[in-house]
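Note sheet for the following structure.
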2 protein chains.
Amino acid sequence: MITIKDIARAAGVSHTTVSRALNGNPIIKKETRDKIEKIAAELNYVPNFSAKSLVTRKSFTIGLFFSSIDQGTSESFLVDVIKGIKHVLDENYNLSVSGIDSIQHLDSISSHRFDGILVISQSDADNAFINHVKKANIPLVVLNRQLEDSSIMNVVASDRIGVKEAIEYAISQGHRRLAMIEGRPDFKSASERKQGFIDSMLAKQIPIRNEYFVSGDYTVESGFSAMNALLSLPEPPSMVLCSNDNMAIGAMNACYARGVSIPEQMSLIGFDDIVFAKYTNPALTTIHRPIADISKLGTQKLIELMNKPEDTAAEQLFVKTQLIIRQTVSSI
Amino acid sequence: MITIKDIARAAGVSHTTVSRALNGNPIIKKETRDKIEKIAAELNYVPNFSAKSLVTRKSFTIGLFFSSIDQGTSESFLVDVIKGIKHVLDENYNLSVSGIDSIQHLDSISSHRFDGILVISQSDADNAFINHVKKANIPLVVLNRQLEDSSIMNVVASDRIGVKEAIEYAISQGHRRLAMIEGRPDFKSASERKQGFIDSMLAKQIPIRNEYFVSGDYTVESGFSAMNALLSLPEPPSMVLCSNDNMAIGAMNACYARGVSIPEQMSLIGFDDIVFAKYTNPALTTIHRPIADISKLGTQKLIELMNKPEDTAAEQLFVKTQLIIRQTVSSI
DNA sequence: ACATAAAATGAACACGTTAACATCTATTAG
DNA sequence: CTAATAGATGTTAACGTGTTCATTTTATGT
């Protein structure tokens with residue numbers, strides 16, 4: 001393995017000079033720099049990041065933590081986040097992916113292992129981890145879940161407003177019997193969306209019925225059984241808001257199975273706008289969640305935080321959702 | 001930051017003893033070890049991996065490389081692979097995710113940055129990267145695409161056999177006009193699946209018609225237009241094999257749009273068995289691709305390779321696909 | 001040509017850890 | 001009781017890089 005000392009020997013200079021030349025220190029004469037760079041290239045020199053890390057106290061890795069890799073993290077989410085990050089991040093940085101639920105020793109998450117940490121948080125259960133990172137003084141950005149703690153950089157979608165727009169649209173189409181299939185109760189997103197639903201119902205003075213709230217857990221299956229429950233009601237709703245698209249797809253299947261036609265007999269709105277939402281039959285009207293934007297913005301903020309920790313104040317940033325009108329809401 | 005020297009001072013021993021005790025070296029007396037471990041715990045000691053790396057020449061990171069993060073990598077794929085790996089990998093290891101197409105300097109991929117590398121390969125375009133890793137003498141496992149080079153550990157699904165079973169099933173149901181929507185021509189999987197199709201047609205002595213091969217690129221959209229082309233034929237096929245589920249979903253939509261009923265007027269088989277295959281309407285008959293198994297097996301092999309590089313010979317391992325019969329193939 | 005300042009380079013140490021070798025202590029054999 | 005030996009710990013160097021401070025070289029002004 002080639003080291004800067006080998007280059008130094010070949011160039012007839014000290015390894016210090018090589019180090020400086022390769023790091024772009026302006027104090028080095030142009031011709032010596034050129035000579036050194038040429039030799040380094042010829043020798044296929046590649047810096048030893050462990051050594052660099054040791055002395056500069058930078059790890060050259062940023063950590064990407066999901067609440068869980070196994071459960072609850074929808075697929076497209078993971079990809080979109082990684083995409084978003086990779087677009088903004090320097091090639092020399094490692095992007096290390098993990099699930100918070102699989103961490104055994106919190107202590108192993110320390111500032112000399114991670115230059116910065118990005119958390120894609122789903123629920124309060126992540127708070128212990130988040131607080132640890134904060135205490136360890138590692139640059140931190142939390143995405144996807146709104147935090148109470150305003151000292152932490154936080155980027156989220158405005159779920160509540162998104163739902164509000166959707167409900168207002170449904171009402172404008174003449175719907176009055178509005179139901180909701182809820183998400184995992186331990187996920188903040190579920191309660192946010194529910195609150196949006198309730199808010200707009202109240203604002204529009206539409207009566208809220210308890211039997212029109214059915215719980216789900218964000219899986220397709222749970223959407224299926226939730227819709228079954230709603231259809232079994234003496235007076236079923238005319239429109240159902242599903243807390244995510246997966247459940248909406250489950251709900252559609254429940255309708256098919258019972259011969260209930262969409263949107264004539266049952267209207268449906270999802271949340272997320274996953275790739276397949278466009279290709280259900282009929283195409284799913286849904287609330288687009290700007291995951292790519294969130295992760296891009298979050299990564300930019302993380303980089304700021306890493307570069308000038310003192311200079312960047314924590315903020316709570318909201319990224320707008322968008323109602324995508326397709327074919328699952330009828331006008332009555 | 002606490003170092004082993006701090007612990008040494010507190011325990012009244014040398015830092016070497018601390019290092020040995022913490023690394024489970026049996027030469028250390030039990031009582032001193034206990035004392036040291038206790039102090040280390042009290043002081044919240046966490047080892048500096050950069051320093052460890054520098055001297056042991058291990059990076060404690062394994063690299064996960066996809067052909068591309070942006071294009072062509074289906075979502076569920078990425079998640080399943082990461083899941084599979086995380087289940088087998090030690091917590092202290094970083095899992096660093098990248099796209100091969102975004103690598104600027106091949107030289108930056110060196111043995112002191114990665115203890116092992118896992119490549120999820122789609123096409124020949126990855127060969128330059130793969131060869132570099134091989135030359136750099138980094139433990140390597142290539143998943144998902146069959147390699148010519150038998151000196152490299154390789155885990156793939158038996159796509160060809162999978163397709164064969166599916167086609168034989170379709171024929172057994174009475175189908176004779178069989179068509180295929182192909183995948184991205186630069187992806188090995190596409191040609192493998194096509195070959196499986198042709199093989200079984202020949203074996204069953206069913207005439208192969210050129211107009212029954214339509215090209216796609218694995219996107220839903222391409223499945224849509226490919227099916228449109230097939231339906232416009234003077235004599236459309238009775239059954240279409242789609243090289244992946246996404247295109248099958250596109251194809252279904254094309255049928256809906258034209259009022260062609262599935263499976264009565266058109267039968268359909270997909271490939272992958274993505275989550276939503278079960279929830280299309282009617283439910284999609286497809287070939288299950290065991291991604292989780294592939295990545296688990298691949299990771300185990302990589303670990304073997306890292307632990308005893310001399311002792312483990314390169315193999316080409318096949319993981320079986322499985323035909324999942326649902327509702328999109330009619331019996332005629 | 002000389003003094004002086006500025007620019008360029010080098011020597012030595014530091015980062016936190018492991019490892020080879022040396023030393024000390026306790027145990028055993030004779 | 002002493003020598004030999006095993007067991008436990010310590011000393012020192014090494015890994016490859018960046019950085020402080022000292023030193024040499026070059027440029028500047030008179």
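Please note that chains go A, B, ... in the order of the structure tokens, that every chain numbers its residues from 1, and that ligands are numbered from 1 in the order shown.
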
Find the nearest atom pair between each residue of chain A and chain D for residues within 12 Å, count only C-alpha atoms (C1' of nucleotides), give distances in Å to one decimal, sort rows by chain and ascending number, and present the table as JSON lines.
```
{"residue": "A:Met1", "atom": "CA", "partner": "D:DG16", "partner_atom": "C1'", "distance": 10.7}
{"residue": "A:Ile2", "atom": "CA", "partner": "D:DG16", "partner_atom": "C1'", "distance": 10.0}
{"residue": "A:Thr3", "atom": "CA", "partner": "D:DG16", "partner_atom": "C1'", "distance": 6.9}
{"residue": "A:Ile4", "atom": "CA", "partner": "D:DG16", "partner_atom": "C1'", "distance": 7.8}
{"residue": "A:Lys5", "atom": "CA", "partner": "D:DG16", "partner_atom": "C1'", "distance": 8.7}
{"residue": "A:Asp6", "atom": "CA", "partner": "D:DG16", "partner_atom": "C1'", "distance": 11.1}
{"residue": "A:His15", "atom": "CA", "partner": "D:DT17", "partner_atom": "C1'", "distance": 9.4}
{"residue": "A:Thr16", "atom": "CA", "partner": "D:DG18", "partner_atom": "C1'", "distance": 8.2}
{"residue": "A:Thr17", "atom": "CA", "partner": "D:DG18", "partner_atom": "C1'", "distance": 10.9}
{"residue": "A:Val18", "atom": "CA", "partner": "D:DT17", "partner_atom": "C1'", "distance": 10.6}
{"residue": "A:Ser19", "atom": "CA", "partner": "D:DG18", "partner_atom": "C1'", "distance": 7.5}
{"residue": "A:Arg20", "atom": "CA", "partner": "D:DG18", "partner_atom": "C1'", "distance": 8.7}
{"residue": "A:Leu22", "atom": "CA", "partner": "D:DT17", "partner_atom": "C1'", "distance": 11.6}
{"residue": "A:Asn23", "atom": "CA", "partner": "D:DG18", "partner_atom": "C1'", "distance": 10.0}
{"residue": "A:Asn25", "atom": "CA", "partner": "D:DG18", "partner_atom": "C1'", "distance": 11.7}
{"residue": "A:Lys29", "atom": "CA", "partner": "D:DT26", "partner_atom": "C1'", "distance": 11.5}
{"residue": "A:Val46", "atom": "CA", "partner": "D:DG16", "partner_atom": "C1'", "distance": 11.4}
{"residue": "A:Pro47", "atom": "CA", "partner": "D:DG16", "partner_atom": "C1'", "distance": 8.5}
{"residue": "A:Asn48", "atom": "CA", "partner": "D:DG16", "partner_atom": "C1'", "distance": 6.6}
{"residue": "A:Phe49", "atom": "CA", "partner": "D:DT17", "partner_atom": "C1'", "distance": 8.7}
{"residue": "A:Ser50", "atom": "CA", "partner": "D:DG16", "partner_atom": "C1'", "distance": 8.1}
{"residue": "A:Ala51", "atom": "CA", "partner": "D:DG16", "partner_atom": "C1'", "distance": 5.0}
{"residue": "A:Lys52", "atom": "CA", "partner": "D:DT17", "partner_atom": "C1'", "distance": 5.2}
{"residue": "A:Ser53", "atom": "CA", "partner": "D:DT17", "partner_atom": "C1'", "distance": 8.4}
{"residue": "A:Leu54", "atom": "CA", "partner": "D:DT17", "partner_atom": "C1'", "distance": 8.0}
{"residue": "A:Val55", "atom": "CA", "partner": "D:DG18", "partner_atom": "C1'", "distance": 6.2}
{"residue": "A:Thr56", "atom": "CA", "partner": "D:DG18", "partner_atom": "C1'", "distance": 7.0}
{"residue": "A:Arg57", "atom": "CA", "partner": "D:DG18", "partner_atom": "C1'", "distance": 10.6}
```

Write out as a ChimeraX atom specification which residues come within 12 Å of A:Asp245 when counting only C-alpha atoms (C1' of nucleotides), dropping same-chain ones fewer than 6 positions away. /A:74,76,181-183,217-224,251-252,268-280,283-289 /B:276

List every residue of stretch 86-295 of chain A that DSSP, applied to the backbone of this structure, places in alpha helix (DSSP H), and write the result as a ChimeraX atom specification. /A:86-88,127-135,159-172,188-203,220-231,245-258,291-295

Could you please write out, as a ChimeraX atom specification, every residue of stretch 48-212 of chain A that DSSP assigns to strand (DSSP E or B)? /A:61-66,94-99,116-120,123,140-143,153-157,178-182,187

Chain C contacts to chain B at 10 Å (only C-alpha atoms (C1' of nucleotides)) as a JSON list (two decimals) with N, CA and C atoms (P, O5', C5', C4', C3', O3' and C1' of nucleotides), in the first residue's frame:
```
[["chain", "number", "residue", "atom", "x", "y", "z"],
["C", 15, "DC", "P", -2.49, 13.56, 21.88],
["C", 15, "DC", "O5'", -3.63, 12.92, 21.00],
["C", 15, "DC", "C5'", -4.26, 13.59, 19.93],
["C", 15, "DC", "C4'", -4.80, 12.58, 18.97],
["C", 15, "DC", "C3'", -5.14, 11.24, 19.60],
["C", 15, "DC", "O3'", -6.51, 11.25, 20.01],
["C", 15, "DC", "C1'", -4.06, 11.00, 17.46],
["C", 16, "DG", "P", -6.92, 10.71, 21.48],
["C", 16, "DG", "O5'", -7.00, 9.14, 21.24],
["C", 16, "DG", "C5'", -8.04, 8.62, 20.44],
["C", 16, "DG", "C4'", -7.80, 7.16, 20.19],
["C", 16, "DG", "C3'", -7.72, 6.31, 21.46],
["C", 16, "DG", "O3'", -8.54, 5.18, 21.27],
["C", 16, "DG", "C1'", -5.81, 5.94, 20.12],
["C", 17, "DT", "P", -8.77, 4.07, 22.37],
["C", 17, "DT", "O5'", -7.96, 2.87, 21.76],
["C", 17, "DT", "C5'", -8.42, 2.29, 20.55],
["C", 17, "DT", "C4'", -7.31, 1.56, 19.84],
["C", 17, "DT", "C3'", -6.78, 0.31, 20.52],
["C", 17, "DT", "O3'", -7.57, -0.79, 20.10],
["C", 17, "DT", "C1'", -5.06, 1.58, 19.42],
["C", 18, "DT", "P", -7.29, -2.22, 20.73],
["C", 18, "DT", "O5'", -6.00, -2.71, 19.94],
["C", 18, "DT", "C5'", -6.11, -3.06, 18.57],
["C", 18, "DT", "C4'", -4.76, -3.51, 18.04],
["C", 18, "DT", "C3'", -4.26, -4.84, 18.58],
["C", 18, "DT", "O3'", -3.77, -5.58, 17.48],
["C", 18, "DT", "C1'", -2.63, -3.19, 18.92],
["C", 19, "DA", "P", -3.23, -7.05, 17.65],
["C", 19, "DA", "O5'", -1.66, -6.82, 17.76],
["C", 19, "DA", "C5'", -0.95, -6.26, 16.66],
["C", 19, "DA", "C4'", 0.53, -6.46, 16.88],
["C", 19, "DA", "C3'", 0.90, -7.82, 17.47],
["C", 19, "DA", "O3'", 2.18, -8.18, 16.96],
["C", 19, "DA", "C1'", 1.52, -6.14, 18.99]]
```

A:Ile152 environment, 9 Å, only C-alpha atoms (C1' of nucleotides), sequence neighbours closer than 3 positions dropped, as a list in words: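 With the cut-off at 9 Å, the set is Lys134, Leu140, Val141, Val142, Leu147, Glu148, Asp149, Ala313, Ala314, Glu315 and Gln316 of chain A.
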
Provide the atom CA of B:Ile161 to atom CA of B:Thr321 distance in Å, to one decimal place.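 Interatomic distance here is 7.8 Å.
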
To one decimal place in Å, what is the distance between atom CA of A:Arg177 and atom CA of A:Ser261?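 Separation between atom CA of A:Arg177 and atom CA of A:Ser261: 16.8 Å.
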